[in-house]
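Enquirer: Let me give you the structure first, and then I'll get to my questions.
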Amino acid sequence: MTAMTQTTTWMMKTRINALILLAAGSSSRMGGGIKKEYLPLCGGTVLSQAAAAFIDALEFSFVIVTIQNKKNPEELKAVEESCKKAYFAGHEELKAVPVYFLPGGESRQESVKKALEKAAELSENPSQTLAFIHDGARPFVSGGIIRECGEAALKYGAALPGLQPVDTQKEIDSEGFICRHLNRSKLTAVQTPQVFALEPLLEAHRKAACDGKPYTDDSEIWDEYAAGKKIDGFECRRTFVVKGSPENKKITYIADADFSKTGENLESQKGKEMKIHTGLGWDRHLLSAGRKLILGGVEIPSEKGELGHSDGDVLLHAVTDALLGAAGLGDIGSYFPPEEAKWKGADSKVLLAKCWGDVQAAGWKLVNLDCVIALEKPKFLPFRENVRESIAGILGVSKEDIFVKAKTGEKLGDVGQGNCIEATAVCLLEREG
């Protein structure tokens, strides 16, 4: 059988396309509090724009979107709801293709493997399926690149877009000295989508998960374990590179979001009006023996804890009200009425995550959050960094954007007598006007 005949056989048998969009990261390098995939773009969001590019270019049997994994089921549900809103925003055509939101792993590699396992489960015939793996924060990919990668993957088993570096490349040693002069004409900077025959890539990922080596992308795993594998008599080649595009840019930092499909660049974006809103939240709870003292999602050893309909986390309640107030979306009481039994004992981390998802979906991002706790005892300082990290984790922002401090009541009033605890939160949100 000739190579051309082999290629034709593979192309004729392959008819199923599966799209995997990776959106499980924390977007910590954005520094603004909103997940980059949820940023508003072209009447939708970064994520919906990325998905629409594929649905418009080819026929897909299903889409899998990886999302941030959370141990708490209610918190995970809130993350999924926020992602759904971002995925469908501004693009009705996306509703025509089945989509599954899948909790990701601790790394990109783990998230892709989980998505491939799910794709194999969903596909009518995994051996006839191509997996298109794409960054959810790469919204400017063209239909031409998508189709070219798909066609090349049909021929060779694996393909991706790449660009030759503009600058001369050098390899340096651990001390910072150049140790090798690289030929720029033989180098490529890879982009996504990375497209593969599903079954051999999944098998390769299973092997890579057990070898203890870190892999930077799926093509490295393919070339390590799948290249040379025969599929129905067709031998998979090493990953083929099609010509990429400078416009197929991944949004990593906040400045990257200034590019759009209309050709705008950073210079044309300068001077755009930003809308700034402040928010103020305040809450107070009685303290009682036998209750847990929870602040910012962190349990703090104490003889007394907060009384409340939920878990009583006075700090997260104040933060939630501040964010909702700044966005003009209501308050924690309107979202979770205390007279409703289903909120009794609720985890305040989940409540905050749900409200923050709505704030993000409205286009707002966090500039900073500053909080004050009024508490006589125990001392808060030993727990401050844990609380900052906890709040930052719930909001998906950098810890540097969150600050929390505590004041005592100086033995005066209900706070000073240890009868109650208060919290005040002030936030600054911004979005394009």
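Identifiers in the structure tokens: chain A, B, ... in order shown; residue index from 1 per chain; ligand index from 1 in order shown.
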If you run DSSP over the backbone, which residues in stretch 140-250 of chain A end up strand (DSSP E or B)? Put them as a PyMOL selection string.

Expert: chain A and resi 158-163+170-172+178-181+189-190+194-197+230-231+234-235+240-243

Enquirer: Please provide the set of residues having any atom within 9 Å of A:Leu116, restricted to only C-alpha atoms, with same-chain residues fewer than 4 positions apart removed, written as a list of chain:residue names.

Expert: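 The filter keeps A:Ile20, A:Ser111, A:Val112, A:Ala120, A:Glu121, A:Ala131, A:Leu198, A:Glu199, A:Leu201, A:Leu202, A:His205.
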
Enquirer: Can you tell me, as a compact mmCIF listing (two decimals) with N, CA, C and O atoms, in the first residue's frame, what residues are no more than 8 Å from A:Gly281 when counting only C-alpha atoms, ignoring any on the same chain fewer than 5 positions away?

Expert:
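This is the output file part.txt:
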# COMPACT_ATOMS: atom_id res chain seq x y z
N HIS A 317 -18.88 37.40 53.98
CA HIS A 317 -20.17 38.08 53.78
C HIS A 317 -19.95 39.55 53.42
O HIS A 317 -20.61 40.08 52.52
N ALA A 318 -19.03 40.19 54.11
CA ALA A 318 -18.73 41.59 53.81
C ALA A 318 -18.11 41.73 52.43
O ALA A 318 -18.45 42.65 51.67
N VAL A 319 -17.21 40.80 52.07
CA VAL A 319 -16.58 40.83 50.74
C VAL A 319 -17.62 40.64 49.65
O VAL A 319 -17.63 41.35 48.63
N THR A 320 -18.54 39.70 49.86
CA THR A 320 -19.59 39.44 48.87
C THR A 320 -20.46 40.67 48.65
O THR A 320 -20.75 41.05 47.51
N ASP A 321 -20.85 41.33 49.73
CA ASP A 321 -21.67 42.54 49.60
C ASP A 321 -20.91 43.66 48.89
O ASP A 321 -21.50 44.41 48.10
N ALA A 322 -19.62 43.78 49.18
CA ALA A 322 -18.83 44.83 48.53
C ALA A 322 -18.78 44.62 47.02
O ALA A 322 -18.97 45.56 46.23
N LEU A 323 -18.54 43.37 46.59
CA LEU A 323 -18.43 43.08 45.16
C LEU A 323 -19.78 43.24 44.45
O LEU A 323 -19.86 43.83 43.36
N GLY A 325 -22.29 45.08 45.45
CA GLY A 325 -22.66 46.49 45.46
C GLY A 325 -21.93 47.28 44.39
O GLY A 325 -22.52 48.12 43.71
N THR A 424 -15.51 44.73 57.66
CA THR A 424 -15.78 45.74 56.64
C THR A 424 -14.87 45.45 55.44
O THR A 424 -13.69 45.13 55.61
N ALA A 425 -15.43 45.54 54.24
CA ALA A 425 -14.65 45.30 53.02
C ALA A 425 -14.92 46.42 52.02
O ALA A 425 -16.06 46.84 51.83
N VAL A 426 -13.85 46.88 51.40
CA VAL A 426 -13.94 47.90 50.35
C VAL A 426 -13.24 47.36 49.12
O VAL A 426 -12.11 46.86 49.21

Enquirer: Quick one, how far is atom CA of A:Ala197 from atom CA of A:Ala158?

Expert: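 About the pair atom CA of A:Ala197 and atom CA of A:Ala158: they are 6.7 Å apart.
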
Enquirer: Might you pull out every residue within 6 Å of stretch 55-72 of chain A, with only C-alpha atoms counted and same-chain residues fewer than 6 positions away left off, and present them as a PDB file with all heavy atoms, in the first residue's frame?

Expert:
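Printed below is selection-v6.pdb as written:
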ATOM      1  N   ASN A  17     -15.053  14.910  14.633  1.00  0.00           N
ATOM      2  CA  ASN A  17     -14.202  15.964  15.188  1.00  0.00           C
ATOM      3  C   ASN A  17     -14.640  16.283  16.614  1.00  0.00           C
ATOM      4  O   ASN A  17     -15.830  16.494  16.867  1.00  0.00           O
ATOM      5  CB  ASN A  17     -14.279  17.239  14.346  1.00  0.00           C
ATOM      6  CG  ASN A  17     -13.711  17.059  12.961  1.00  0.00           C
ATOM      7  OD1 ASN A  17     -12.738  16.325  12.770  1.00  0.00           O
ATOM      8  ND2 ASN A  17     -14.309  17.715  11.980  1.00  0.00           N
ATOM      9  N   ALA A  18     -13.698  16.298  17.533  1.00  0.00           N
ATOM     10  CA  ALA A  18     -13.966  16.652  18.926  1.00  0.00           C
ATOM     11  C   ALA A  18     -13.137  17.877  19.290  1.00  0.00           C
ATOM     12  O   ALA A  18     -11.933  17.908  19.028  1.00  0.00           O
ATOM     13  CB  ALA A  18     -13.614  15.483  19.849  1.00  0.00           C
ATOM     14  N   LEU A  19     -13.771  18.858  19.893  1.00  0.00           N
ATOM     15  CA  LEU A  19     -13.074  20.081  20.293  1.00  0.00           C
ATOM     16  C   LEU A  19     -12.867  20.093  21.798  1.00  0.00           C
ATOM     17  O   LEU A  19     -13.816  19.907  22.562  1.00  0.00           O
ATOM     18  CB  LEU A  19     -13.881  21.317  19.875  1.00  0.00           C
ATOM     19  CG  LEU A  19     -13.357  22.677  20.343  1.00  0.00           C
ATOM     20  CD1 LEU A  19     -11.937  22.930  19.847  1.00  0.00           C
ATOM     21  CD2 LEU A  19     -14.297  23.799  19.900  1.00  0.00           C
ATOM     22  N   ILE A  20     -11.626  20.303  22.213  1.00  0.00           N
ATOM     23  CA  ILE A  20     -11.277  20.434  23.626  1.00  0.00           C
ATOM     24  C   ILE A  20     -10.756  21.843  23.864  1.00  0.00           C
ATOM     25  O   ILE A  20      -9.734  22.237  23.288  1.00  0.00           O
ATOM     26  CB  ILE A  20     -10.220  19.397  24.038  1.00  0.00           C
ATOM     27  CG1 ILE A  20     -10.775  17.982  23.901  1.00  0.00           C
ATOM     28  CG2 ILE A  20      -9.731  19.653  25.463  1.00  0.00           C
ATOM     29  CD1 ILE A  20      -9.739  16.891  24.092  1.00  0.00           C
ATOM     30  N   LEU A  21     -11.469  22.617  24.663  1.00  0.00           N
ATOM     31  CA  LEU A  21     -11.059  23.982  25.010  1.00  0.00           C
ATOM     32  C   LEU A  21     -10.530  23.991  26.439  1.00  0.00           C
ATOM     33  O   LEU A  21     -11.233  23.577  27.365  1.00  0.00           O
ATOM     34  CB  LEU A  21     -12.227  24.955  24.878  1.00  0.00           C
ATOM     35  CG  LEU A  21     -12.721  25.244  23.466  1.00  0.00           C
ATOM     36  CD1 LEU A  21     -13.981  26.089  23.508  1.00  0.00           C
ATOM     37  CD2 LEU A  21     -11.646  25.951  22.647  1.00  0.00           C
ATOM     38  N   LEU A  22      -9.312  24.474  26.616  1.00  0.00           N
ATOM     39  CA  LEU A  22      -8.672  24.465  27.928  1.00  0.00           C
ATOM     40  C   LEU A  22      -8.917  25.790  28.634  1.00  0.00           C
ATOM     41  O   LEU A  22      -8.471  26.849  28.180  1.00  0.00           O
ATOM     42  CB  LEU A  22      -7.171  24.212  27.771  1.00  0.00           C
ATOM     43  CG  LEU A  22      -6.808  22.920  27.018  1.00  0.00           C
ATOM     44  CD1 LEU A  22      -5.302  22.815  26.830  1.00  0.00           C
ATOM     45  CD2 LEU A  22      -7.339  21.699  27.759  1.00  0.00           C
ATOM     46  N   ALA A  23      -9.647  25.735  29.754  1.00  0.00           N
ATOM     47  CA  ALA A  23      -9.978  26.958  30.502  1.00  0.00           C
ATOM     48  C   ALA A  23      -9.935  26.695  32.002  1.00  0.00           C
ATOM     49  O   ALA A  23     -10.691  27.289  32.766  1.00  0.00           O
ATOM     50  CB  ALA A  23     -11.355  27.475  30.088  1.00  0.00           C
ATOM     51  N   ALA A  24      -9.031  25.789  32.430  1.00  0.00           N
ATOM     52  CA  ALA A  24      -8.981  25.407  33.843  1.00  0.00           C
ATOM     53  C   ALA A  24      -7.963  26.194  34.648  1.00  0.00           C
ATOM     54  O   ALA A  24      -7.858  26.020  35.860  1.00  0.00           O
ATOM     55  CB  ALA A  24      -8.676  23.906  33.966  1.00  0.00           C
ATOM     56  N   VAL A  97     -24.257  22.578  19.279  1.00  0.00           N
ATOM     57  CA  VAL A  97     -23.288  21.496  19.461  1.00  0.00           C
ATOM     58  C   VAL A  97     -23.239  21.115  20.938  1.00  0.00           C
ATOM     59  O   VAL A  97     -23.067  21.990  21.798  1.00  0.00           O
ATOM     60  CB  VAL A  97     -21.884  21.926  18.982  1.00  0.00           C
ATOM     61  CG1 VAL A  97     -20.893  20.773  19.143  1.00  0.00           C
ATOM     62  CG2 VAL A  97     -21.938  22.371  17.528  1.00  0.00           C
ATOM     63  N   PRO A  98     -23.368  19.843  21.275  1.00  0.00           N
ATOM     64  CA  PRO A  98     -23.302  19.430  22.690  1.00  0.00           C
ATOM     65  C   PRO A  98     -21.990  19.862  23.330  1.00  0.00           C
ATOM     66  O   PRO A  98     -20.922  19.717  22.730  1.00  0.00           O
ATOM     67  CB  PRO A  98     -23.403  17.898  22.620  1.00  0.00           C
ATOM     68  CG  PRO A  98     -24.075  17.616  21.321  1.00  0.00           C
ATOM     69  CD  PRO A  98     -23.629  18.697  20.376  1.00  0.00           C
ATOM     70  N   VAL A  99     -22.070  20.381  24.554  1.00  0.00           N
ATOM     71  CA  VAL A  99     -20.870  20.833  25.260  1.00  0.00           C
ATOM     72  C   VAL A  99     -20.866  20.251  26.666  1.00  0.00           C
ATOM     73  O   VAL A  99     -21.920  20.135  27.309  1.00  0.00           O
ATOM     74  CB  VAL A  99     -20.783  22.380  25.304  1.00  0.00           C
ATOM     75  CG1 VAL A  99     -22.010  22.986  25.973  1.00  0.00           C
ATOM     76  CG2 VAL A  99     -19.512  22.841  25.988  1.00  0.00           C
ATOM     77  N   TYR A 100     -19.677  19.875  27.127  1.00  0.00           N
ATOM     78  CA  TYR A 100     -19.502  19.270  28.448  1.00  0.00           C
ATOM     79  C   TYR A 100     -18.442  20.065  29.197  1.00  0.00           C
ATOM     80  O   TYR A 100     -17.367  20.342  28.648  1.00  0.00           O
ATOM     81  CB  TYR A 100     -19.084  17.804  28.318  1.00  0.00           C
ATOM     82  CG  TYR A 100     -20.060  16.977  27.524  1.00  0.00           C
ATOM     83  CD1 TYR A 100     -19.968  16.917  26.131  1.00  0.00           C
ATOM     84  CD2 TYR A 100     -21.079  16.269  28.155  1.00  0.00           C
ATOM     85  CE1 TYR A 100     -20.885  16.173  25.390  1.00  0.00           C
ATOM     86  CE2 TYR A 100     -21.993  15.520  27.419  1.00  0.00           C
ATOM     87  CZ  TYR A 100     -21.887  15.481  26.039  1.00  0.00           C
ATOM     88  OH  TYR A 100     -22.780  14.750  25.304  1.00  0.00           O
ATOM     89  N   PHE A 101     -18.748  20.422  30.436  1.00  0.00           N
ATOM     90  CA  PHE A 101     -17.815  21.180  31.267  1.00  0.00           C
ATOM     91  C   PHE A 101     -17.164  20.214  32.248  1.00  0.00           C
ATOM     92  O   PHE A 101     -17.840  19.621  33.094  1.00  0.00           O
ATOM     93  CB  PHE A 101     -18.539  22.322  31.972  1.00  0.00           C
ATOM     94  CG  PHE A 101     -19.102  23.338  31.010  1.00  0.00           C
ATOM     95  CD1 PHE A 101     -20.382  23.184  30.488  1.00  0.00           C
ATOM     96  CD2 PHE A 101     -18.341  24.411  30.596  1.00  0.00           C
ATOM     97  CE1 PHE A 101     -20.891  24.089  29.578  1.00  0.00           C
ATOM     98  CE2 PHE A 101     -18.844  25.336  29.689  1.00  0.00           C
ATOM     99  CZ  PHE A 101     -20.121  25.173  29.174  1.00  0.00           C
ATOM    100  N   LEU A 102     -15.847  20.058  32.124  1.00  0.00           N
ATOM    101  CA  LEU A 102     -15.121  19.009  32.831  1.00  0.00           C
ATOM    102  C   LEU A 102     -14.093  19.602  33.784  1.00  0.00           C
ATOM    103  O   LEU A 102     -13.236  20.380  33.353  1.00  0.00           O
ATOM    104  CB  LEU A 102     -14.412  18.115  31.803  1.00  0.00           C
ATOM    105  CG  LEU A 102     -13.596  16.947  32.336  1.00  0.00           C
ATOM    106  CD1 LEU A 102     -14.533  15.872  32.886  1.00  0.00           C
ATOM    107  CD2 LEU A 102     -12.710  16.377  31.235  1.00  0.00           C
ATOM    108  N   PRO A 103     -14.157  19.290  35.073  1.00  0.00           N
ATOM    109  CA  PRO A 103     -13.124  19.772  36.001  1.00  0.00           C
ATOM    110  C   PRO A 103     -11.735  19.313  35.558  1.00  0.00           C
ATOM    111  O   PRO A 103     -11.531  18.137  35.245  1.00  0.00           O
ATOM    112  CB  PRO A 103     -13.526  19.130  37.336  1.00  0.00           C
ATOM    113  CG  PRO A 103     -14.997  18.869  37.208  1.00  0.00           C
ATOM    114  CD  PRO A 103     -15.206  18.517  35.767  1.00  0.00           C
ATOM    115  N   GLY A 104     -10.800  20.256  35.504  1.00  0.00           N
ATOM    116  CA  GLY A 104      -9.457  19.949  35.039  1.00  0.00           C
ATOM    117  C   GLY A 104      -8.583  19.362  36.132  1.00  0.00           C
ATOM    118  O   GLY A 104      -9.040  19.027  37.221  1.00  0.00           O
ATOM    119  N   GLY A 143     -10.340  30.410  10.751  1.00  0.00           N
ATOM    120  CA  GLY A 143     -10.889  29.176  10.217  1.00  0.00           C
ATOM    121  C   GLY A 143      -9.907  28.470   9.309  1.00  0.00           C
ATOM    122  O   GLY A 143      -9.873  27.231   9.257  1.00  0.00           O
TER     123      GLY A 143
END

Enquirer: Name all residues at most 9 Å from A:Gln169 (count only C-alpha atoms; drop same-chain ones fewer than 5 positions away) and give them as an MDAnalysis selection string.

Expert: chainID A and resid 181:184 187
